[in-house]
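First comes the structure, then the notes that go with it.
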Amino acid sequence: ELFDTLVLLTSNPGRMAYFGPMGEAASHMEICGYPVPAHASATDYYLDLLTPGAELDASDALVAAFATQQKPGLAGVIEEALAVEGRTAKEMLLAAQEQARGGNPGASAPKARLGPYAVPFSRQVLTLLRRKVLLTLRNPGAIGTQIAMPAVMGVVLGAVFQGIGNHAFGIAQLQFIFILLTMLSLQSLPLMPLLIEERVFMKLETSERLYQEGAYILTTLCVTVPLSLLGATIQTLIIYGFAQLPLDYLPVILGWTLLLFFLFDALFQCVAAAAPDGEQAMTMATPFLVIFMLFNGLVVTRATAPFFL
């Protein structure tokens, strides 16, 4: 009885059975031949009448009564409402701004943003950046995956190739370079499932026009990519230190390894943006890794590669 308007629907399929004032529902049911029992709860009785398959099921009869008694009047009200032209979104925003000024044109009031977003692009980036930093700091696993794991792998591989720089140049040094480049190309691969999970939330939020997709991309560029780059740099320096190669080669090797890291990190980002799930993302990324491992100058050289490549 505390409700002003009552809407009754039945299921299988969903159909309208009553639409009108709450106080007139009982009299409508009585007119239809289903008076509310004296000591029964009206709402429970309505549910019993409108539940298909129930003992008191009268859903079909009530739907038919609605179609003959109420629907024509409601259709007329709808037609009248549609004939009245309402204000546009722009007009409503400007009216709200004028209301905030209290009728004083010189009073200060928030600027009416007539676009689909409530705040400017810079505010979107700053808000997303602050959220991204806080979420990253609260998740030690994210930092561990991007920094700690590359450092551990650097120690393991460095121990395997320890002191290789003290030997004469040969196949061992080439294998060292190949393994180093391979590890750098695979570093961003485990992040694809996480990127796909974040993409799902991003699509939901951008569909509500909370922010632009470009703001999310910039946030990832400012947080996720630097962390991965730091991990790749740490891994390269640790392996290079164990290998005891001359420092003269460090800028060249570090530059090429980081360039390769950027290439595959961007590639995995693109795959994560297109793949429906993590499993398909791994499948889509595999051919690129196979091509890199084949055409590395050792397995397939320039002389042995097909002419069209």
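Letters for chains follow the order of the structure tokens (A, B, ...), residue numbers begin at 1 for each chain, and ligand numbers begin at 1 in the order shown.
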For region 263-267 of chain A: contacts at 12 Å, only C-alpha atoms, fewer than 5 positions along chain excluded, given as a ChimeraX atom specification: /A:181-192,195,217,220-221,224-229,232,256-258,272-274,281-282,284-289,292
Can you list every residue in region 74-306 of chain A that DSSP puts in alpha helix (DSSP H), as a ChimeraX atom specification? /A:74-83,89-101,121-138,140-143,149-160,171-186,192-207,213-243,250-274,278-294
I'd like a table as a tab-separated table: residues in region 144-220 of chain A with an atom no more than 12 Å from region 112-126 of chain A, each row giving the shortest atom pair and its distance in Å to one decimal, only C-alpha atoms counted, sorted by chain and rising residue number.
residue	atom	partner	partner_atom	distance
A:Glu205	CA	A:Tyr117	CA	11.8
A:Thr206	CA	A:Tyr117	CA	9.9
A:Ser207	CA	A:Pro116	CA	10.8
A:Glu208	CA	A:Tyr117	CA	9.4
A:Arg209	CA	A:Tyr117	CA	5.9
A:Leu210	CA	A:Tyr117	CA	6.6
A:Tyr211	CA	A:Gln124	CA	5.9
A:Gln212	CA	A:Phe121	CA	7.5
A:Glu213	CA	A:Gln124	CA	10.0
A:Gly214	CA	A:Val125	CA	8.6
A:Ala215	CA	A:Val125	CA	4.9
A:Tyr216	CA	A:Val125	CA	7.1
A:Ile217	CA	A:Val125	CA	9.2
A:Leu218	CA	A:Val125	CA	7.2
A:Thr219	CA	A:Val125	CA	6.5
A:Thr220	CA	A:Val125	CA	10.3
Please identify which residues in region 9-256 of chain A DSSP calls strand (DSSP E or B) from the backbone, and express them as JSON, numbers by chain. {"A": [9, 10, 15, 16, 17, 18, 19, 20, 21]}
Selection near Leu9 (chain A), 8 Å with only C-alpha atoms, sequence-local residues under 3 positions removed, as a PyMOL selection string: chain A and resi 14-18+50
Excluding same-chain residues fewer than 6 positions from Ala65 (chain A), what lies within 12 Å of it counting only C-alpha atoms, as a CSV table (one decimal) with all heavy atoms, in the first residue's frame?
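Result file is result23.csv:
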chain,number,residue,atom,x,y,z
A,15,ARG,N,4.5,-10.8,-20.1
A,15,ARG,CA,3.4,-10.1,-20.6
A,15,ARG,C,2.8,-9.2,-19.5
A,15,ARG,O,2.9,-9.5,-18.3
A,15,ARG,CB,2.3,-11.0,-21.1
A,15,ARG,CG,2.7,-11.9,-22.3
A,15,ARG,CD,1.8,-13.1,-22.4
A,15,ARG,NE,1.9,-14.0,-21.3
A,15,ARG,CZ,1.1,-15.0,-21.1
A,15,ARG,NH1,0.0,-15.2,-21.8
A,15,ARG,NH2,1.4,-15.8,-20.1
A,16,MET,N,2.2,-8.1,-19.9
A,16,MET,CA,1.7,-7.1,-18.9
A,16,MET,C,0.3,-7.6,-18.5
A,16,MET,O,-0.5,-8.0,-19.3
A,16,MET,CB,1.5,-5.8,-19.6
A,16,MET,CG,1.0,-4.7,-18.6
A,16,MET,SD,2.4,-4.1,-17.5
A,16,MET,CE,3.3,-3.1,-18.7
A,17,ALA,N,0.0,-7.6,-17.2
A,17,ALA,CA,-1.3,-8.0,-16.6
A,17,ALA,C,-2.0,-6.9,-15.9
A,17,ALA,O,-3.2,-6.9,-15.8
A,17,ALA,CB,-1.1,-9.2,-15.7
A,18,TYR,N,-1.2,-5.9,-15.4
A,18,TYR,CA,-1.9,-4.7,-14.8
A,18,TYR,C,-0.9,-3.6,-14.7
A,18,TYR,O,0.3,-3.8,-14.5
A,18,TYR,CB,-2.3,-5.1,-13.4
A,18,TYR,CG,-2.9,-3.9,-12.6
A,18,TYR,CD1,-4.2,-3.5,-12.8
A,18,TYR,CD2,-2.1,-3.2,-11.7
A,18,TYR,CE1,-4.7,-2.4,-12.2
A,18,TYR,CE2,-2.6,-2.1,-11.0
A,18,TYR,CZ,-3.9,-1.7,-11.3
A,18,TYR,OH,-4.5,-0.6,-10.6
A,19,PHE,N,-1.4,-2.4,-15.0
A,19,PHE,CA,-0.6,-1.2,-14.8
A,19,PHE,C,-1.6,-0.1,-14.4
A,19,PHE,O,-2.5,0.3,-15.1
A,19,PHE,CB,0.0,-0.8,-16.2
A,19,PHE,CG,0.9,0.5,-16.1
A,19,PHE,CD1,2.2,0.4,-15.7
A,19,PHE,CD2,0.3,1.7,-16.3
A,19,PHE,CE1,3.0,1.5,-15.6
A,19,PHE,CE2,1.1,2.9,-16.2
A,19,PHE,CZ,2.4,2.8,-15.8
A,28,HIS,N,-9.6,-3.9,-9.6
A,28,HIS,CA,-9.4,-4.4,-11.0
A,28,HIS,C,-9.5,-6.0,-11.0
A,28,HIS,O,-10.1,-6.6,-11.9
A,28,HIS,CB,-8.1,-4.0,-11.5
A,28,HIS,CG,-7.7,-4.5,-12.9
A,28,HIS,ND1,-8.3,-4.1,-14.0
A,28,HIS,CD2,-6.9,-5.6,-13.2
A,28,HIS,CE1,-7.8,-4.8,-15.0
A,28,HIS,NE2,-6.9,-5.7,-14.5
A,29,MET,N,-8.9,-6.6,-10.0
A,29,MET,CA,-8.9,-8.0,-9.9
A,29,MET,C,-10.3,-8.6,-9.7
A,29,MET,O,-10.7,-9.6,-10.2
A,29,MET,CB,-8.0,-8.5,-8.8
A,29,MET,CG,-6.5,-8.3,-9.0
A,29,MET,SD,-5.9,-9.2,-10.4
A,29,MET,CE,-4.2,-8.5,-10.5
A,30,GLU,N,-11.1,-7.8,-8.9
A,30,GLU,CA,-12.5,-8.2,-8.6
A,30,GLU,C,-13.3,-8.1,-9.9
A,30,GLU,O,-14.1,-9.0,-10.1
A,30,GLU,CB,-13.0,-7.3,-7.5
A,30,GLU,CG,-14.4,-7.8,-7.1
A,30,GLU,CD,-14.9,-7.0,-5.9
A,30,GLU,OE1,-14.2,-6.1,-5.4
A,30,GLU,OE2,-16.1,-7.2,-5.4
A,31,ILE,N,-13.1,-7.1,-10.7
A,31,ILE,CA,-13.8,-6.9,-11.9
A,31,ILE,C,-13.4,-8.1,-12.9
A,31,ILE,O,-14.3,-8.6,-13.6
A,31,ILE,CB,-13.5,-5.6,-12.6
A,31,ILE,CG1,-14.0,-4.5,-11.7
A,31,ILE,CG2,-14.0,-5.5,-14.0
A,31,ILE,CD1,-13.6,-3.1,-12.2
A,32,CYS,N,-12.2,-8.5,-12.8
A,32,CYS,CA,-11.8,-9.6,-13.7
A,32,CYS,C,-12.2,-11.0,-13.2
A,32,CYS,O,-12.0,-12.0,-13.8
A,32,CYS,CB,-10.2,-9.6,-13.8
A,32,CYS,SG,-9.6,-8.2,-14.6
A,33,GLY,N,-12.9,-11.0,-12.0
A,33,GLY,CA,-13.4,-12.3,-11.4
A,33,GLY,C,-12.4,-12.9,-10.4
A,33,GLY,O,-12.6,-14.1,-10.1
A,34,TYR,N,-11.5,-12.2,-9.9
A,34,TYR,CA,-10.5,-12.8,-9.0
A,34,TYR,C,-10.4,-11.8,-7.8
A,34,TYR,O,-9.4,-11.1,-7.6
A,34,TYR,CB,-9.1,-13.0,-9.6
A,34,TYR,CG,-9.2,-13.9,-10.8
A,34,TYR,CD1,-9.3,-13.3,-12.1
A,34,TYR,CD2,-9.2,-15.2,-10.7
A,34,TYR,CE1,-9.3,-14.1,-13.2
A,34,TYR,CE2,-9.3,-16.1,-11.8
A,34,TYR,CZ,-9.3,-15.5,-13.1
A,34,TYR,OH,-9.4,-16.3,-14.2
A,58,ALA,N,-3.9,-17.7,-13.2
A,58,ALA,CA,-4.9,-17.0,-14.0
A,58,ALA,C,-4.2,-16.0,-14.9
A,58,ALA,O,-4.8,-15.0,-15.3
A,58,ALA,CB,-6.0,-16.4,-13.1
A,59,SER,N,-3.0,-16.3,-15.3
A,59,SER,CA,-2.2,-15.3,-16.0
A,59,SER,C,-2.8,-15.0,-17.4
A,59,SER,O,-2.8,-13.9,-17.8
A,59,SER,CB,-0.7,-15.9,-16.1
A,59,SER,OG,-0.7,-17.2,-16.7
A,71,LYS,N,-5.0,-1.5,-21.8
A,71,LYS,CA,-4.1,-1.2,-22.9
A,71,LYS,C,-4.5,-0.1,-23.8
A,71,LYS,O,-3.7,0.7,-24.2
A,71,LYS,CB,-3.8,-2.5,-23.7
A,71,LYS,CG,-2.7,-2.4,-24.7
A,71,LYS,CD,-2.3,-3.7,-25.4
A,71,LYS,CE,-1.2,-3.5,-26.3
A,71,LYS,NZ,-0.8,-4.8,-27.0
A,72,PRO,N,-5.8,-0.1,-24.3
A,72,PRO,CA,-6.2,1.1,-25.2
A,72,PRO,C,-5.9,2.4,-24.5
A,72,PRO,O,-5.5,3.4,-25.2
A,72,PRO,CB,-7.7,0.8,-25.4
A,72,PRO,CG,-7.8,-0.7,-25.2
A,72,PRO,CD,-6.9,-1.0,-24.1
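The space between CA of Val63 (chain A) and CA of Leu82 (chain A) spans 24.9 Å.
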Determine, counting only C-alpha atoms, which protein, DNA and RNA residues have an atom within 12 Å of an atom of region 247-252 of chain A; residues of the same chain fewer than 5 positions away are not included. Present the result as a list in words. Gly165, Ile177, Thr233, Thr236, Leu237, Ile238, Ile239, Tyr240, Gly241, Thr257, Leu258 and Leu259 of chain A
Looking at A:Leu94, A:Ile253, A:Val300, A:Val223, which one is nearest to Arg130 (chain A), with distances taken over only C-alpha atoms?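 Looking at the shortest contact to Arg130 (chain A), the residue is A:Val223.
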Quick one: residues within 9 Å of Thr145 (chain A), only C-alpha atoms, excluding same-chain residues fewer than 2 positions away - as a ChimeraX atom specification? /A:140-143,147-150,190-191,228,231
Between CA of Gly53 (chain A) and CA of Thr10 (chain A), distance in Å (one decimal):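 So the two atoms, CA of Gly53 (chain A) and CA of Thr10 (chain A), lie 11.2 Å apart.
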